[in-house]
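Asker: My structure is stored as structure.cif, with mmCIF, C-alpha atoms.
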```cif
data_coords
#
loop_
_atom_site.label_atom_id
_atom_site.label_comp_id
_atom_site.auth_asym_id
_atom_site.auth_seq_id
_atom_site.Cartn_x
_atom_site.Cartn_y
_atom_site.Cartn_z
CA MET A 191 -7.98 -17.16 12.76
CA ASN A 192 -7.42 -18.28 16.38
CA ILE A 193 -3.80 -17.22 15.96
CA VAL A 194 -4.86 -13.84 14.63
CA THR A 195 -7.25 -13.34 17.55
CA CYS A 196 -4.50 -14.13 20.05
CA ILE A 197 -2.10 -11.71 18.39
CA LEU A 198 -4.78 -9.04 18.40
CA ALA A 199 -5.34 -9.48 22.08
CA ALA A 200 -1.62 -9.14 22.68
CA ALA A 201 -1.03 -6.20 20.35
CA ILE A 202 -4.16 -4.54 21.36
CA MET A 203 0.51 23.95 0.72
CA THR A 204 -1.89 25.80 -0.88
CA LEU A 205 -5.11 26.82 0.87
CA PRO A 206 -8.36 25.46 -0.56
CA SER A 207 -10.32 27.57 -3.00
CA ALA A 208 -13.30 27.81 -0.69
CA VAL A 209 -13.53 27.11 3.02
CA LEU A 210 -17.11 26.20 3.80
CA GLY A 211 -16.90 25.57 7.51
CA ALA A 212 -14.16 26.17 10.03
CA SER A 213 -13.06 23.15 12.01
CA SER A 214 -14.15 23.04 15.62
CA HIS A 215 -11.31 20.73 16.56
CA GLY A 216 -8.32 21.62 14.40
CA ALA A 217 -7.08 24.57 16.44
CA GLN A 218 -5.60 22.47 19.23
CA GLY A 219 -3.07 19.68 18.98
CA LYS A 220 -4.37 16.17 19.54
CA GLU A 221 -2.90 12.71 19.69
CA TRP A 222 -3.78 11.67 16.13
CA THR A 223 -4.76 13.12 12.78
CA ILE A 224 -5.90 10.64 10.16
CA MET A 225 -5.95 12.01 6.61
CA LEU A 226 -7.79 9.88 4.05
CA TYR A 227 -7.07 10.72 0.41
CA TYR A 228 -9.94 9.01 -1.40
CA CYS A 229 -9.52 9.00 -5.18
CA ALA A 230 -12.91 7.82 -6.41
CA ASP A 231 -12.88 9.62 -9.74
CA ASN A 232 -13.50 6.19 -11.24
CA ASN A 233 -15.79 3.29 -10.33
CA LEU A 234 -15.29 3.33 -6.56
CA GLU A 235 -17.77 6.00 -5.49
CA PHE A 236 -20.04 3.52 -3.73
CA ALA A 237 -17.11 2.20 -1.69
CA ALA A 238 -16.12 5.72 -0.62
CA GLU A 239 -19.62 6.37 0.68
CA PHE A 240 -19.56 3.10 2.64
CA ASN A 241 -16.23 4.09 4.20
CA LEU A 242 -17.51 7.54 5.14
CA MET A 243 -20.53 6.07 6.90
CA THR A 244 -18.34 3.50 8.65
CA ILE A 245 -15.94 6.16 9.92
CA GLU A 246 -18.84 8.32 11.12
CA GLY A 247 -20.06 5.41 13.22
CA ALA A 248 -16.61 4.58 14.61
CA LEU A 249 -15.38 8.08 15.50
CA THR A 250 -17.55 8.53 18.58
CA SER A 251 -15.22 11.11 20.13
CA ASN A 252 -13.02 13.82 18.66
CA ASP A 253 -11.27 14.59 21.92
CA ASN A 254 -7.96 13.15 20.76
CA VAL A 255 -8.47 12.10 17.14
CA ASN A 256 -8.95 14.23 14.02
CA PHE A 257 -10.24 12.56 10.87
CA ILE A 258 -10.32 14.40 7.56
CA PHE A 259 -11.47 12.87 4.30
CA LEU A 260 -10.77 14.09 0.76
CA GLU A 261 -13.36 12.88 -1.74
CA ASP A 262 -12.93 13.07 -5.52
CA PHE A 263 -15.89 11.55 -7.41
CA ASN A 264 -16.28 10.92 -11.11
CA SER A 265 -19.97 11.94 -11.10
CA VAL A 266 -19.43 15.26 -9.32
CA PRO A 267 -17.06 18.02 -10.46
CA GLY A 268 -14.58 19.29 -7.94
CA ILE A 269 -13.23 17.92 -4.68
CA THR A 270 -14.84 17.95 -1.24
CA ILE A 271 -12.96 17.71 2.06
CA TYR A 272 -14.80 16.60 5.18
CA GLU A 273 -14.01 16.54 8.84
CA ILE A 274 -15.77 13.82 10.81
CA VAL A 275 -17.19 15.58 13.89
CA GLY A 276 -19.62 14.16 16.41
CA GLY A 277 -20.22 11.10 14.27
CA LYS A 278 -21.14 13.18 11.21
CA ARG A 279 -19.33 14.51 8.18
CA LYS A 280 -18.83 18.25 7.98
CA VAL A 281 -17.72 19.96 4.78
CA ILE A 282 -14.69 22.10 5.60
CA ALA A 283 -13.34 22.82 2.13
CA ALA A 284 -14.28 22.63 -1.53
CA TRP A 285 -11.66 22.64 -4.27
CA GLU A 286 -12.11 23.01 -7.99
CA GLU A 287 -11.63 19.89 -10.10
CA LYS A 288 -8.12 18.55 -9.68
CA ASN A 289 -6.31 15.48 -10.92
CA THR A 290 -5.98 13.27 -7.84
CA SER A 291 -3.44 11.11 -9.64
CA ASP A 292 -1.13 14.15 -9.52
CA PRO A 293 1.32 13.90 -6.59
CA ALA A 294 1.05 17.68 -6.15
CA VAL A 295 -2.61 17.31 -5.15
CA LEU A 296 -1.72 14.67 -2.55
CA LYS A 297 0.96 17.00 -1.19
CA GLU A 298 -1.50 19.89 -1.07
CA PHE A 299 -4.02 17.84 0.90
CA ALA A 300 -1.46 16.45 3.36
CA LEU A 301 0.04 19.86 4.10
CA TYR A 302 -3.43 21.39 4.45
CA GLY A 303 -4.43 18.65 6.89
CA MET A 304 -1.28 18.85 9.00
CA LYS A 305 -1.46 22.64 9.21
CA ASN A 306 -5.14 22.89 10.12
CA PHE A 307 -5.39 19.70 12.19
CA PRO A 308 -2.19 19.51 14.24
CA ALA A 309 -1.52 16.33 16.17
CA GLU A 310 1.30 14.43 17.80
CA LYS A 311 0.98 11.58 15.29
CA THR A 312 -0.32 11.50 11.74
CA MET A 313 -1.42 8.82 9.32
CA LEU A 314 -1.95 9.41 5.60
CA ILE A 315 -4.13 6.83 3.85
CA ILE A 316 -4.25 6.65 0.06
CA SER A 317 -7.42 4.89 -1.05
CA ASP A 318 -8.18 3.90 -4.63
CA HIS A 319 -7.17 1.32 -7.22
CA GLY A 320 -3.61 0.10 -6.84
CA TYR A 321 -1.40 -1.44 -9.51
CA GLY A 322 1.78 -2.29 -7.65
CA TRP A 323 4.96 -0.84 -9.17
CA ARG A 324 2.89 1.01 -11.81
CA GLY A 325 1.30 3.25 -9.18
CA ALA A 326 -2.10 4.06 -7.73
CA CYS A 327 -4.92 6.63 -7.85
CA GLU A 328 -6.72 6.25 -11.17
CA ASP A 329 -8.48 9.47 -12.19
CA TYR A 330 -10.93 9.01 -15.07
CA THR A 331 -11.67 12.73 -15.49
CA ASP A 332 -8.06 13.71 -15.97
CA GLY A 333 -6.70 11.18 -18.46
CA ASP A 334 -7.05 7.82 -16.67
CA TRP A 335 -3.41 7.99 -15.61
CA LEU A 336 -1.84 6.88 -12.33
CA MET A 337 0.24 8.50 -9.65
CA THR A 338 3.60 6.87 -10.29
CA VAL A 339 5.53 5.54 -7.33
CA ASP A 340 8.52 7.79 -7.91
CA GLY A 341 6.14 10.75 -8.18
CA LEU A 342 4.56 9.73 -4.88
CA ALA A 343 8.01 9.44 -3.30
CA GLY A 344 8.80 12.97 -4.42
CA ALA A 345 5.57 14.27 -2.89
CA MET A 346 6.25 12.50 0.40
CA LYS A 347 9.73 14.02 0.57
CA GLU A 348 8.27 17.49 0.04
CA ILE A 349 5.64 16.85 2.73
CA GLN A 350 8.46 15.77 5.01
CA ALA A 351 10.46 18.92 4.27
CA LYS A 352 7.60 21.44 4.44
CA SER A 353 5.56 20.21 7.40
CA LYS A 354 6.52 21.50 10.81
CA ARG A 355 6.54 17.99 12.25
CA GLY A 356 8.74 16.53 9.55
CA GLY A 357 6.19 14.46 7.67
CA VAL A 358 3.62 11.81 8.45
CA ASP A 359 4.26 8.82 10.71
CA ILE A 360 2.37 6.16 8.75
CA LEU A 361 1.67 5.96 5.04
CA ALA A 362 -1.00 3.36 4.28
CA PHE A 363 -2.27 2.12 0.93
CA ASP A 364 -5.97 1.27 1.05
CA ALA A 365 -5.50 -0.07 -2.47
CA CYS A 366 -4.76 -3.36 -4.19
CA SER A 367 -1.32 -4.90 -4.66
CA MET A 368 0.87 -2.06 -3.34
CA ALA A 369 2.97 -4.24 -1.01
CA THR A 370 5.84 -4.86 -3.41
CA ILE A 371 9.56 -4.62 -2.86
CA GLU A 372 9.79 -2.06 -5.68
CA VAL A 373 7.23 0.26 -4.04
CA VAL A 374 8.73 -0.04 -0.57
CA TYR A 375 12.26 0.66 -1.78
CA GLU A 376 11.13 3.69 -3.79
CA LEU A 377 9.50 5.17 -0.67
CA ARG A 378 12.45 4.58 1.67
CA GLY A 379 13.38 7.64 3.68
CA THR A 380 9.99 9.31 3.24
CA VAL A 381 8.03 7.90 6.19
CA PRO A 382 8.76 5.75 9.28
CA TYR A 383 6.11 3.09 8.60
CA LEU A 384 4.26 1.83 5.54
CA ILE A 385 1.19 -0.43 5.40
CA ALA A 386 -0.05 -2.21 2.26
CA THR A 387 -1.43 -5.46 0.88
CA GLN A 388 0.06 -7.95 -1.55
CA SER A 389 -3.32 -8.97 -2.91
CA THR A 390 -6.55 -7.53 -4.24
CA GLU A 391 -8.56 -5.64 -1.65
CA PRO A 392 -12.28 -6.25 -1.18
CA TYR A 393 -14.40 -3.15 -1.82
CA ASP A 394 -14.63 -2.31 1.89
CA GLY A 395 -10.93 -1.59 2.01
CA PHE A 396 -9.46 -1.03 5.48
CA PRO A 397 -11.32 -2.13 8.62
CA TYR A 398 -12.16 1.46 9.56
CA GLN A 399 -14.77 0.54 12.16
CA MET A 400 -12.12 -1.46 14.02
CA PHE A 401 -8.99 0.67 14.04
CA VAL A 402 -10.76 4.04 14.33
CA SER A 403 -12.61 2.73 17.38
CA ASP A 404 -9.26 1.52 18.75
CA LEU A 405 -7.77 5.01 18.42
CA VAL A 406 -10.75 6.60 20.13
CA GLU A 407 -10.38 4.16 23.01
CA ASP A 408 -6.57 4.35 23.16
CA PRO A 409 -5.35 7.57 21.49
CA GLY A 410 -1.99 7.19 23.17
CA MET A 411 -1.23 4.31 20.80
CA SER A 412 2.11 4.88 19.08
CA PRO A 413 2.59 4.72 15.29
CA LEU A 414 4.46 1.44 15.75
CA GLU A 415 1.61 -0.01 17.79
CA LEU A 416 -0.99 1.01 15.22
CA ALA A 417 1.13 -0.28 12.35
CA THR A 418 1.53 -3.59 14.18
CA LEU A 419 -2.16 -3.94 14.93
CA LEU A 420 -3.73 -3.04 11.60
CA PRO A 421 -2.70 -6.11 9.51
CA TYR A 422 -4.25 -8.49 12.02
CA GLU A 423 -7.44 -6.49 12.29
CA TYR A 424 -7.66 -6.38 8.51
CA VAL A 425 -7.53 -10.16 8.20
CA LEU A 426 -9.91 -10.63 11.12
CA TYR A 427 -12.39 -8.17 9.57
CA TYR A 428 -12.63 -10.26 6.40
CA SER A 429 -12.73 -13.61 8.19
CA SER A 430 -16.43 -13.34 9.03
CA LYS A 431 -19.50 -12.71 6.88
CA TRP A 432 -21.67 -11.47 9.70
CA GLU A 433 -19.63 -10.21 12.64
CA TYR A 434 -18.72 -6.94 10.88
CA ASP A 435 -20.54 -4.71 8.42
CA HIS A 436 -19.46 -5.36 4.83
CA ILE A 437 -20.48 -4.02 1.45
CA TYR A 438 -21.01 -7.62 0.36
CA ASN A 439 -21.56 -10.29 3.00
CA TYR A 440 -19.19 -12.97 1.85
CA CYS A 441 -16.08 -14.24 3.53
CA GLN A 442 -12.85 -13.04 1.91
CA ASP A 443 -10.32 -15.85 2.12
CA PHE A 444 -7.51 -14.23 0.15
CA VAL A 445 -6.57 -11.05 2.03
CA THR A 446 -3.07 -10.06 3.08
CA MET A 447 -1.51 -7.07 4.77
CA ALA A 448 1.95 -6.12 5.98
CA SER A 449 3.53 -3.24 7.88
CA ILE A 450 7.07 -2.20 7.03
CA ASP A 451 9.75 -0.53 9.15
CA MET A 452 11.06 1.86 6.52
CA SER A 453 14.32 2.45 8.40
CA LYS A 454 15.28 -1.12 7.45
CA VAL A 455 14.57 -0.84 3.73
CA ASP A 456 17.99 0.44 2.64
CA ALA A 457 19.53 -2.76 3.99
CA LEU A 458 16.81 -4.81 2.25
CA GLY A 459 17.61 -3.10 -1.05
CA GLU A 460 21.35 -3.68 -0.68
CA ALA A 461 20.76 -7.37 -0.03
CA PHE A 462 18.46 -7.58 -3.05
CA VAL A 463 21.06 -5.94 -5.30
CA THR A 464 23.76 -8.41 -4.22
CA MET A 465 21.44 -11.40 -4.59
CA THR A 466 20.30 -10.49 -8.11
CA GLU A 467 23.90 -9.87 -9.22
CA VAL A 468 24.76 -13.41 -8.20
CA LEU A 469 21.57 -14.86 -9.69
CA GLU A 470 22.01 -13.25 -13.12
CA GLY A 471 24.94 -15.48 -14.07
CA LEU A 472 23.12 -18.60 -12.91
CA VAL A 473 19.87 -18.09 -14.83
CA PRO A 474 20.95 -19.64 -18.17
CA GLU A 475 21.79 -22.96 -16.54
CA HIS A 476 18.99 -22.91 -13.96
CA TRP A 477 16.10 -21.09 -15.64
CA GLU A 478 13.79 -24.05 -15.07
CA ALA A 479 14.43 -23.84 -11.33
CA LEU A 480 13.51 -20.15 -11.50
CA GLU A 481 10.31 -21.03 -13.35
CA GLU A 482 9.41 -23.60 -10.72
CA ALA A 483 10.16 -21.15 -7.90
CA ARG A 484 7.93 -18.57 -9.53
CA GLY A 485 5.09 -21.09 -9.64
CA GLU A 486 5.49 -21.87 -5.94
CA ALA A 487 5.54 -18.18 -5.01
CA PHE A 488 2.67 -16.98 -7.18
CA MET A 489 -0.28 -16.72 -4.81
CA GLY A 490 -2.75 -16.43 -7.67
CA VAL A 491 -2.46 -20.18 -8.15
CA TRP A 492 -4.20 -20.68 -4.83
CA CYS A 493 -6.75 -17.90 -4.78
CA ASN A 494 -8.68 -15.41 -6.87
CA ILE A 495 -6.55 -12.44 -5.90
CA VAL A 496 -5.29 -10.46 -8.86
CA ALA A 497 -5.89 -9.83 -12.51
CA GLY A 498 -3.45 -11.83 -14.60
CA TYR A 499 -1.56 -8.82 -15.89
CA GLU A 500 -0.08 -8.06 -12.49
CA TRP A 501 2.10 -11.19 -12.26
CA MET A 502 3.53 -10.53 -8.82
CA PRO A 503 4.67 -13.57 -6.80
CA ASP A 504 5.78 -13.30 -3.20
CA ALA A 505 9.40 -12.12 -3.14
CA TYR A 506 10.53 -14.04 -0.06
CA THR A 507 9.04 -17.34 -1.23
CA LEU A 508 10.38 -16.92 -4.77
CA PHE A 509 14.01 -16.58 -3.76
CA ASP A 510 13.80 -19.06 -0.89
CA GLU A 511 12.75 -21.70 -3.44
CA LEU A 512 16.06 -21.13 -5.29
CA LYS A 513 18.21 -22.35 -2.44
CA GLY A 514 20.46 -25.28 -3.29
CA ILE A 515 21.49 -24.13 -6.75
CA ASP A 516 24.76 -22.46 -5.78
CA PRO A 517 26.56 -21.82 -2.45
CA GLU A 518 27.18 -18.13 -3.18
CA LEU A 519 23.54 -17.66 -4.14
CA ASP A 520 22.44 -19.45 -0.96
CA GLU A 521 24.52 -17.04 1.09
CA SER A 522 23.04 -14.01 -0.66
CA ILE A 523 19.49 -15.36 -0.27
CA ASP A 524 20.09 -15.86 3.46
CA ALA A 525 21.21 -12.22 3.73
CA PHE A 526 18.18 -11.07 1.77
CA GLU A 527 15.82 -13.06 3.97
CA SER A 528 17.43 -11.70 7.12
CA ALA A 529 16.99 -8.11 5.89
CA PHE A 530 13.43 -8.94 4.78
CA ASP A 531 12.52 -10.29 8.22
CA GLN A 532 13.91 -7.21 9.94
CA ALA A 533 11.90 -4.89 7.70
CA ILE A 534 8.54 -6.60 8.24
CA ILE A 535 6.93 -5.36 11.45
CA ALA A 536 3.75 -7.39 11.09
CA GLU A 537 2.28 -9.63 8.41
CA ALA A 538 -1.12 -11.29 8.35
CA ASN A 539 -2.96 -13.24 5.70
CA SER A 540 -5.95 -15.49 5.26
CA GLU A 541 -5.42 -19.11 6.25
CA ARG A 542 -5.88 -20.26 2.67
CA LEU A 543 -2.62 -18.62 1.64
CA GLY A 544 -0.56 -20.46 4.24
CA ASP A 545 3.09 -19.44 4.18
CA LYS A 546 3.04 -18.31 0.54
CA ALA A 547 2.42 -14.69 1.60
CA GLN A 548 5.34 -13.18 3.50
CA GLY A 549 4.60 -9.46 3.08
CA LEU A 550 6.04 -8.18 -0.22
CA ASN A 551 5.62 -9.17 -3.87
CA ILE A 552 7.94 -8.68 -6.82
CA TRP A 553 7.10 -8.39 -10.51
CA PHE A 554 7.80 -11.53 -12.53
CA PRO A 555 5.62 -12.00 -15.63
CA PRO A 556 5.90 -15.46 -17.21
CA SER A 557 7.01 -14.31 -20.67
CA LEU A 558 8.60 -11.41 -22.51
CA PHE A 559 5.27 -10.85 -24.30
CA LEU A 560 3.59 -10.24 -20.95
CA TYR A 561 6.54 -8.19 -19.74
CA ASN A 562 5.78 -5.83 -22.63
CA PRO A 563 1.98 -6.19 -22.83
CA GLU A 564 0.45 -5.33 -26.17
CA SER A 565 -3.04 -6.76 -25.73
CA TRP A 566 -4.18 -3.86 -23.56
CA SER A 567 -3.03 -0.44 -24.68
CA TRP A 568 -3.53 1.09 -21.22
CA LEU A 569 -0.83 -1.18 -19.81
CA GLY A 570 1.54 -0.15 -22.56
CA GLN A 571 1.96 3.17 -20.76
CA PHE A 572 3.92 1.44 -18.00
CA VAL A 573 7.34 -0.03 -18.77
CA TYR A 574 8.97 -1.73 -15.80
CA HIS A 575 12.57 -0.79 -16.61
CA ASP A 576 11.66 2.74 -17.74
CA ILE A 577 9.23 4.05 -15.12
CA GLY A 578 11.79 5.48 -12.70
CA LEU A 579 12.05 2.74 -10.06
CA ASP A 580 15.25 2.88 -8.02
CA LEU A 581 15.32 -0.84 -7.26
CA VAL A 582 15.13 -1.69 -10.95
CA ALA A 583 17.92 0.76 -11.80
CA GLU A 584 20.23 -0.37 -9.01
CA SER A 585 19.75 -4.14 -9.17
CA SER A 586 20.18 -6.84 -11.80
CA TRP A 587 16.60 -8.07 -11.60
CA VAL A 588 15.65 -6.97 -15.13
CA ASP A 589 18.78 -8.70 -16.44
CA CYS A 590 17.70 -11.86 -14.62
CA LEU A 591 14.27 -11.63 -16.23
CA MET A 592 15.69 -11.11 -19.71
CA ALA A 593 18.04 -14.06 -19.32
CA TYR A 594 15.10 -16.17 -18.17
CA TYR A 595 12.93 -15.17 -21.14
CA GLU A 596 15.76 -15.84 -23.60
CA CYS A 597 16.23 -19.36 -22.26
CA LYS A 598 12.54 -20.16 -21.92
CA ASP A 599 11.57 -18.89 -25.35
CA SER A 600 14.51 -20.42 -27.21
#
```
Would you encode the structure as structure tokens?

Answerer:
Amino acid sequence: MNIVTCILAAAIMTLPSAVLGASSHGAQGKEWTIMLYYCADNNLEFAAEFNLMTIEGALTSNDNVNFIFLEDFNSVPGITIYEIVGGKRKVIAAWEEKNTSDPAVLKEFALYGMKNFPAEKTMLIISDHGYGWRGACEDYTDGDWLMTVDGLAGAMKEIQAKSKRGGVDILAFDACSMATIEVVYELRGTVPYLIATQSTEPYDGFPYQMFVSDLVEDPGMSPLELATLLPYEYVLYYSSKWEYDHIYNYCQDFVTMASIDMSKVDALGEAFVTMTEVLEGLVPEHWEALEEARGEAFMGVWCNIVAGYEWMPDAYTLFDELKGIDPELDESIDAFESAFDQAIIAEANSERLGDKAQGLNIWFPPSLFLYNPESWSWLGQFVYHDIGLDLVAESSWVDCLMAYYECKDS
């Protein structure tokens, strides 16, 4: 944590159905608009309320920062949108019940926010349950489905095309397990910077009291500066039981967060495609090495981070552990790691994880049975090779997995 502290010191549309109160700050352009899309039409209502109160306490001035908050609760029909003004929430819009797992609703909110709260820089935060490559935003009222990652990518492209400023500057997932190579590649070209975690998030989510206060104090902060700062503040926030306000006062020793330069993700994907093409032919002879590498890269061995069904080891560590098998594979892994390093702007994690967390996970279940889960019908809705992920379609990773399962199970 001393390292984190040192780094911190150095780094430091459709209109709504009913408008209940006009914004007192949205008419003029400001430095920042933060738009928080809070899908709590599930079991996270209490966490949403904690975040709202935290933001109210942190946003001590609206001179240069707008903060709007969409709230969808399971216990209350409809959707409420707040502006945080003068340290208090103010209802500015009420929408009829909508499915917040629908990308169209996210697009509607983002375009509404950017139109009515213009700013030089914008950040869109998606807060809810996250399930990696499967998606995020679980809406109990409307079918308990998820917003798929390709659906989200489509919405972000439309936001980019329809907003006067050309889209948002930072897309952040305040949700579990969304920092995966599949998610990042799917969202390439939709936003300059992306922030997400490899692991399970504590209920508090983002360190709102820290970074909102930072923006109030230094609204001239660039998107790159904010994206660089946030991972370190996130880890610092969960390093202490008492220094910061938490929903539950216990130290979280398994948190991770990374910020991605999305302009570098095409090159990362190309390197991944080449590497998996080389690896596919080597799996039958070296499947045990792949199994051992998976064990070394799976952070769940060292901490209580994810439910077992997610099976997402760290991508960098996984492939780095395969070096020495074949010279051509070594060369392709080196190229992948170089592209990976260039894409990661900032990465922070709890000390307990050591160097196992490098910023992005990849899906690698231990068996074909768990690749096609049958024990939980809800998971059966999501098929890795048939959910519309570009990285899966373009690379040989699924072929590598199938070759591995054939050898292991034979």

Asker: Please identify all polymer residues within 6 Å of A:Lys431, counting only C-alpha atoms, omitting same-chain residues fewer than 2 positions from it, and present them as a PyMOL selection string.

Answerer: chain A and resi 439-441

Asker: Tell me which residues the PyMOL selection byres ((chain A and resi 593) around 10) grabs here, as JSON, numbers by chain.

Answerer: {"A": [470, 471, 472, 473, 474, 477, 587, 588, 589, 590, 591, 592, 594, 595, 596, 597, 598]}

Asker: Convert the output of the PyMOL selection byres ((chain A and resi 543) around 9) on the shown file into explicit residues, formatted as a PDB file with C-alpha atoms, keeping the file's coordinate frame.

Answerer:
```
ATOM      1  CA  ASP A 443     -10.320 -15.850   2.120  1.00  0.00           C
ATOM      2  CA  PHE A 444      -7.510 -14.230   0.150  1.00  0.00           C
ATOM      3  CA  VAL A 445      -6.570 -11.050   2.030  1.00  0.00           C
ATOM      4  CA  THR A 446      -3.070 -10.060   3.080  1.00  0.00           C
ATOM      5  CA  MET A 489      -0.280 -16.720  -4.810  1.00  0.00           C
ATOM      6  CA  TRP A 492      -4.200 -20.680  -4.830  1.00  0.00           C
ATOM      7  CA  CYS A 493      -6.750 -17.900  -4.780  1.00  0.00           C
ATOM      8  CA  ASN A 539      -2.960 -13.240   5.700  1.00  0.00           C
ATOM      9  CA  SER A 540      -5.950 -15.490   5.260  1.00  0.00           C
ATOM     10  CA  GLU A 541      -5.420 -19.110   6.250  1.00  0.00           C
ATOM     11  CA  ARG A 542      -5.880 -20.260   2.670  1.00  0.00           C
ATOM     12  CA  GLY A 544      -0.560 -20.460   4.240  1.00  0.00           C
ATOM     13  CA  ASP A 545       3.090 -19.440   4.180  1.00  0.00           C
ATOM     14  CA  LYS A 546       3.040 -18.310   0.540  1.00  0.00           C
ATOM     15  CA  ALA A 547       2.420 -14.690   1.600  1.00  0.00           C
TER      16      ALA A 547
END
```

Asker: Quick one: residues within 10 Å of A:Asp510, all atoms listed in the file, excluding same-chain residues fewer than 2 positions away - as JSON, numbers by chain?

Answerer: {"A": [483, 487, 505, 506, 507, 508, 512, 513, 514, 520, 523, 524, 526, 527]}

Asker: Given the file shown, determine the residues that the PyMOL selection byres ((chain A and resi 335-349) around 7) selects; report them as a ChimeraX atom specification.

Answerer: /A:291-294,297,301,323-329,333-334,350-353,357,373,376-377,380,578-579

Asker: By how many Å are atom CA of A:Ser522 and atom CA of A:Ala536 apart?

Answerer: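 Computing the Euclidean distance for atom CA of A:Ser522 and atom CA of A:Ala536 yields 23.5 Å.
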
Asker: For A:Val255, work out the shell of residues within 8 Å, counting all atoms listed in the file and skipping chain neighbours fewer than 2 positions away, then give it as an MDAnalysis selection string.

Answerer: chainID A and resid 220:224 251:253 257 405:406 409

Asker: Suppose you want the space between atom CA of A:Asn256 and atom CA of A:Leu361; what is it in Å?

Answerer: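 So the two atoms, atom CA of A:Asn256 and atom CA of A:Leu361, lie 16.2 Å apart.
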
Asker: Could you make a table, as a tab-separated table, of the residues of stretch 310-402 of chain A that have an atom within 6 Å of an atom of stretch 447-469 of chain A, each with its nearest atom pair and distance in Å to one decimal, counting all atoms listed in the file, in chain and number order?

Answerer:
```
residue	atom	partner	partner_atom	distance
A:Arg378	CA	A:Met452	CA	5.7
A:Pro382	CA	A:Met452	CA	5.3
A:Tyr383	CA	A:Asp451	CA	5.2
A:Leu384	CA	A:Ile450	CA	5.1
A:Ile385	CA	A:Ser449	CA	4.4
A:Ala386	CA	A:Met447	CA	5.7
A:Thr387	CA	A:Met447	CA	4.2
```
